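Visitor: target.tsv is reproduced below (TSV, C-alpha atoms).
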chain	number	residue	atom	x	y	z
A	1022	GLY	CA	186.88	43.19	-22.83
A	1023	ASP	CA	185.60	39.61	-22.58
A	1024	ARG	CA	187.60	38.89	-19.46
A	1025	ALA	CA	185.92	41.70	-17.43
A	1026	PHE	CA	182.45	40.54	-18.48
A	1027	THR	CA	182.97	36.96	-17.40
A	1028	SER	CA	184.55	37.90	-14.10
A	1029	SER	CA	181.65	40.15	-13.10
A	1030	GLU	CA	179.22	37.42	-14.15
A	1031	SER	CA	181.00	34.84	-12.07
A	1032	SER	CA	181.13	37.09	-9.01
A	1033	THR	CA	177.35	37.56	-9.04
A	1034	SER	CA	176.63	33.88	-9.57
A	1035	LYS	CA	178.82	32.86	-6.61
A	1036	MET	CA	177.38	33.70	-3.21
A	1037	ASP	CA	179.49	33.97	-0.14
A	1038	PRO	CA	178.91	30.86	2.04
A	1039	LYS	CA	178.83	33.12	5.11
A	1040	LYS	CA	175.92	35.14	3.63
A	1041	ILE	CA	174.00	31.98	2.73
A	1042	GLY	CA	174.42	30.64	6.28
A	1043	ASP	CA	173.29	33.96	7.74
A	1044	LEU	CA	170.16	34.02	5.51
A	1045	ALA	CA	169.30	30.42	6.39
A	1046	GLY	CA	169.65	31.20	10.09
A	1047	ARG	CA	167.29	34.15	9.83
A	1048	LEU	CA	164.66	32.15	7.92
A	1049	LYS	CA	164.88	29.29	10.39
A	1050	SER	CA	164.42	31.51	13.44
A	1051	GLY	CA	161.75	33.57	11.69
A	1052	GLY	CA	163.58	36.84	12.10
A	1053	LYS	CA	163.22	39.14	15.10
A	1054	GLY	CA	159.90	40.77	14.19
A	1055	MET	CA	158.43	38.02	12.05
A	1056	GLY	CA	156.37	36.38	14.82
A	1057	ALA	CA	154.93	39.70	15.93
A	1058	GLY	CA	154.15	40.64	12.32
A	1059	VAL	CA	152.28	37.39	11.67
A	1060	GLY	CA	150.39	37.80	14.95
A	1061	PHE	CA	149.43	41.35	14.06
A	1062	LEU	CA	148.25	40.28	10.60
A	1063	ALA	CA	146.14	37.48	12.09
A	1064	ALA	CA	144.59	39.87	14.63
A	1065	ALA	CA	143.84	42.45	11.93
A	1066	ALA	CA	142.25	39.78	9.71
A	1067	GLY	CA	140.15	38.51	12.64
A	1068	LEU	CA	139.02	42.02	13.50
A	1069	ALA	CA	138.08	42.76	9.87
A	1070	TYR	CA	136.09	39.51	9.68
A	1071	GLY	CA	134.30	40.28	12.95
A	1072	VAL	CA	133.33	43.79	11.83
A	1073	SER	CA	132.08	42.52	8.46
A	1074	GLN	CA	129.90	39.91	10.20
A	1075	SER	CA	128.54	42.52	12.63
A	1076	LEU	CA	127.07	44.77	9.94
A	1077	TYR	CA	124.10	44.18	7.64
A	1078	THR	CA	122.35	46.35	5.09
A	1079	VAL	CA	118.63	46.90	4.66
A	1080	ASP	CA	117.94	47.98	1.08
A	1081	GLY	CA	115.39	50.58	0.01
A	1082	GLY	CA	111.80	49.34	0.11
A	1083	HIS	CA	112.70	46.72	2.71
A	1084	ARG	CA	112.44	46.48	6.48
A	1085	ALA	CA	114.23	44.15	8.86
A	1086	ILE	CA	113.46	42.51	12.17
A	1087	ILE	CA	115.98	40.72	14.36
A	1088	PHE	CA	115.76	37.14	15.57
A	1089	SER	CA	117.87	36.70	18.68
A	1090	ARG	CA	118.99	33.31	20.00
A	1091	LEU	CA	118.49	34.63	23.51
A	1092	GLY	CA	115.16	36.46	23.27
A	1093	GLY	CA	113.46	35.25	20.07
A	1094	VAL	CA	111.93	37.70	17.61
A	1095	GLN	CA	112.56	41.29	18.70
A	1096	ASN	CA	109.87	43.95	18.31
A	1097	ASP	CA	112.22	46.54	16.77
A	1098	ILE	CA	111.82	47.28	13.06
A	1099	TYR	CA	114.89	48.50	11.18
A	1100	VAL	CA	114.57	50.87	8.20
A	1101	GLU	CA	116.90	51.24	5.20
A	1102	GLY	CA	120.57	51.61	5.92
A	1103	LEU	CA	123.53	49.97	7.60
A	1104	HIS	CA	122.83	48.31	10.96
A	1105	PHE	CA	124.80	46.52	13.66
A	1106	ARG	CA	124.13	43.01	14.96
A	1107	ILE	CA	125.87	40.64	17.35
A	1108	PRO	CA	127.22	37.78	15.22
A	1109	TRP	CA	125.96	34.28	16.02
A	1110	PHE	CA	123.37	35.65	18.49
A	1111	GLN	CA	121.30	37.86	16.17
A	1112	TYR	CA	120.04	37.21	12.64
A	1113	PRO	CA	118.28	39.85	10.51
A	1114	ILE	CA	115.08	38.82	8.73
A	1115	ILE	CA	114.48	41.17	5.82
A	1116	TYR	CA	111.02	41.79	4.35
A	1117	ASP	CA	110.17	43.47	1.07
A	1118	ILE	CA	107.44	45.98	1.94
A	1119	ARG	CA	106.80	47.23	-1.59
A	1120	SER	CA	103.50	46.42	-3.27
A	1121	ARG	CA	103.80	43.26	-5.36
A	1122	PRO	CA	101.30	42.05	-7.92
A	1123	ARG	CA	100.09	38.47	-7.70
A	1124	LYS	CA	97.71	36.71	-10.06
A	1125	ILE	CA	95.53	34.02	-8.50
A	1126	THR	CA	93.27	31.77	-10.56
A	1127	SER	CA	90.39	29.91	-9.02
A	1128	PRO	CA	87.92	27.51	-10.64
A	1129	THR	CA	84.42	28.39	-9.50
A	1130	GLY	CA	80.91	27.31	-10.35
A	1131	SER	CA	78.45	29.61	-12.09
A	1132	LYS	CA	74.68	29.80	-11.38
A	1133	ASP	CA	73.96	27.41	-14.27
A	1134	LEU	CA	76.38	24.84	-12.70
A	1135	GLN	CA	79.22	25.27	-15.18
A	1136	MET	CA	82.85	25.52	-14.06
A	1137	VAL	CA	84.49	28.86	-14.84
A	1138	ASN	CA	88.11	29.87	-14.27
A	1139	ILE	CA	88.34	33.35	-12.78
A	1140	SER	CA	91.66	35.15	-12.36
A	1141	LEU	CA	92.21	37.97	-9.95
A	1142	ARG	CA	95.23	40.24	-9.80
A	1143	VAL	CA	96.00	41.34	-6.26
A	1144	LEU	CA	98.47	44.00	-5.12
A	1145	SER	CA	99.63	43.22	-1.61
A	1146	ARG	CA	102.31	44.30	0.83
A	1147	PRO	CA	102.85	43.70	4.53
A	1148	ASP	CA	102.14	46.42	7.07
A	1149	GLN	CA	105.55	47.22	8.48
A	1150	ARG	CA	104.19	47.86	11.98
A	1151	TYR	CA	103.16	44.21	12.28
A	1152	LEU	CA	106.26	42.51	10.81
A	1153	PRO	CA	107.35	40.83	14.08
A	1154	GLY	CA	103.86	39.35	14.55
A	1155	ILE	CA	103.67	38.29	10.91
A	1156	TYR	CA	106.98	36.48	11.28
A	1157	ARG	CA	105.93	34.81	14.54
A	1158	HIS	CA	102.61	33.50	13.20
A	1159	LEU	CA	103.09	33.11	9.43
A	1160	GLY	CA	106.83	33.17	8.64
A	1161	THR	CA	108.49	34.82	5.67
A	1162	ASP	CA	106.10	33.33	3.07
A	1163	PHE	CA	103.03	35.00	4.58
A	1164	ASP	CA	101.55	35.93	1.18
A	1165	GLU	CA	101.64	32.28	0.02
A	1166	ARG	CA	99.64	31.29	3.10
A	1167	VAL	CA	97.11	34.11	3.38
A	1168	LEU	CA	96.27	35.36	-0.12
A	1169	PRO	CA	95.00	32.17	-1.81
A	1170	SER	CA	92.36	31.50	0.85
A	1171	ILE	CA	91.14	35.11	0.92
A	1172	VAL	CA	91.04	35.36	-2.88
A	1173	ASN	CA	89.21	32.05	-3.24
A	1174	GLU	CA	86.62	33.20	-0.72
A	1175	VAL	CA	86.11	36.49	-2.60
A	1176	LEU	CA	85.95	34.79	-6.01
A	1177	LYS	CA	83.34	32.27	-4.82
A	1178	SER	CA	81.07	35.13	-3.83
A	1179	VAL	CA	81.31	36.72	-7.32
Is it possible to express this structure as structure tokens?
Guide:
Amino acid sequence: GDRAFTSSESSTSKMDPKKIGDLAGRLKSGGKGMGAGVGFLAAAAGLAYGVSQSLYTVDGGHRAIIFSRLGGVQNDIYVEGLHFRIPWFQYPIIYDIRSRPRKITSPTGSKDLQMVNISLRVLSRPDQRYLPGIYRHLGTDFDERVLPSIVNEVLKSV
């Protein structure tokens, strides 16, 4: 009983030197289809990366315009959904077109020459038809540039 167990154990632990040499030869040469398989995997990974960089998503309540390295800001406005771009040449600029509240405080003088702090809550959103022009002239932080001056002017007149 013990003899059969040890002999089967010893036969599995010993490998044929011919088989070891054959395995080493295959690993060294890479096998017949190994180079083609690695090439195919690299091409598939490159294609997947290229497709993922070519697509961008515009979420609900947002609009996008495209900045192109060749032609500058394009006049097309892209609505919600999945869109295609040319990687490295085109970059999407995404605007939130939902109404956003903003509270602006301005110190102003009263008629009896006392300083009074007045706060005004403003709901603002960009007009999507003019997004390319807004980006060209004001950038993405248009509300930071435009609203304080308009609100201060209105509050001074109150």
Visitor: Which residues are close to Arg1150 (chain A), i.e. within 12 Å by only C-alpha atoms, leaving aside same-chain residues fewer than 6 positions away? Reply as a list in words.
Guide: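 The neighbour list is Arg1084, Ala1085, Ile1086, Asn1096, Asp1097, Ile1098, Tyr1099, Val1100, Tyr1116, Ile1118 and Tyr1156 of chain A.
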Visitor: Pick out the closest residue to Phe1088 (chain A) from this set: A:Ile1041, A:Phe1110, A:Ala1064, A:Gly1154. Count only C-alpha atoms.
Guide: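 So, comparing all the options, the nearest one is A:Phe1110.
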Visitor: If I take CA of Lys1124 (chain A) and CA of Asp1162 (chain A), how far is one from the other in Å, to one decimal?
Guide: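 Going from CA of Lys1124 (chain A) over to CA of Asp1162 (chain A), I get 15.9 Å.
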Visitor: Interatomic distance between CA of Phe1105 (chain A) and CA of Ser1089 (chain A)?
Guide: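 Between these atoms lies a distance of 13.0 Å.
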Visitor: Go through A:Gln1111, A:Gln1149, A:Gln1074, A:Ser1140 one by one, measure the shortest atom-to-atom distance of each to Ile1125 (chain A) using all atoms listed in the file, and give the residue with the smallest value.
Guide: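 Among the listed residues, the smallest separation from Ile1125 (chain A) belongs to A:Ser1140.
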Visitor: For the atom pair CA of Thr1078 (chain A) and CA of Arg1121 (chain A), what is the interatomic distance in Å to one decimal place?
Guide: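 Distance between the two atoms: 21.5 Å.
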Visitor: Give me, as a list of chain:residue names, all polymer residues having an atom no more than 7 Å from Tyr1077 (chain A), counting all atoms listed in the file and skipping those fewer than 2 positions away in the same chain.
Guide: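 The residues satisfying every condition are A:Ser1075, A:Val1079, A:Leu1103, A:His1104, A:Phe1105.
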Visitor: Step by step: start from the point (99.6, 34.3, -8.4) in the file's coordinates, keep every protein, DNA or RNA residue that has an atom no farther than 12 Å from it, count all atoms listed in the file, and write the set as a list in words.
Guide: Arg1121, Pro1122, Arg1123, Lys1124, Ile1125, Thr1126, Ser1127, Ser1140, Leu1141, Arg1142, Val1143, Leu1144, Ser1145, Asp1164, Glu1165, Arg1166, Leu1168, Pro1169, Val1172 and Asn1173 of chain A
Visitor: How about saving the chosen residues, C-alpha atoms kept, as a PDB file, in the frame of the given file?
Guide:
ATOM      1  CA  ARG A1121     103.800  43.260  -5.360  1.00  0.00           C
ATOM      2  CA  PRO A1122     101.300  42.050  -7.920  1.00  0.00           C
ATOM      3  CA  ARG A1123     100.090  38.470  -7.700  1.00  0.00           C
ATOM      4  CA  LYS A1124      97.710  36.710 -10.060  1.00  0.00           C
ATOM      5  CA  ILE A1125      95.530  34.020  -8.500  1.00  0.00           C
ATOM      6  CA  THR A1126      93.270  31.770 -10.560  1.00  0.00           C
ATOM      7  CA  SER A1127      90.390  29.910  -9.020  1.00  0.00           C
ATOM      8  CA  SER A1140      91.660  35.150 -12.360  1.00  0.00           C
ATOM      9  CA  LEU A1141      92.210  37.970  -9.950  1.00  0.00           C
ATOM     10  CA  ARG A1142      95.230  40.240  -9.800  1.00  0.00           C
ATOM     11  CA  VAL A1143      96.000  41.340  -6.260  1.00  0.00           C
ATOM     12  CA  LEU A1144      98.470  44.000  -5.120  1.00  0.00           C
ATOM     13  CA  SER A1145      99.630  43.220  -1.610  1.00  0.00           C
ATOM     14  CA  ASP A1164     101.550  35.930   1.180  1.00  0.00           C
ATOM     15  CA  GLU A1165     101.640  32.280   0.020  1.00  0.00           C
ATOM     16  CA  ARG A1166      99.640  31.290   3.100  1.00  0.00           C
ATOM     17  CA  LEU A1168      96.270  35.360  -0.120  1.00  0.00           C
ATOM     18  CA  PRO A1169      95.000  32.170  -1.810  1.00  0.00           C
ATOM     19  CA  VAL A1172      91.040  35.360  -2.880  1.00  0.00           C
ATOM     20  CA  ASN A1173      89.210  32.050  -3.240  1.00  0.00           C
TER      21      ASN A1173
END
Visitor: If you count all atoms listed in the file, which residues fall within 6 Å of Val1137 (chain A), apart from same-chain ones fewer than 4 positions away, as a ChimeraX atom specification?
Guide: /A:1128-1130
Visitor: Restricting the output to C-alpha atoms, write the selected residues as an mmCIF file, in the coordinates of the input.
Guide:
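Heads up, here's the output in out-v7.cif:
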data_model
loop_
_atom_site.group_PDB
_atom_site.id
_atom_site.type_symbol
_atom_site.label_atom_id
_atom_site.label_comp_id
_atom_site.auth_asym_id
_atom_site.auth_seq_id
_atom_site.Cartn_x
_atom_site.Cartn_y
_atom_site.Cartn_z
ATOM 1 C CA PRO A 1128 87.920 27.510 -10.640
ATOM 2 C CA THR A 1129 84.420 28.390 -9.500
ATOM 3 C CA GLY A 1130 80.910 27.310 -10.350
#
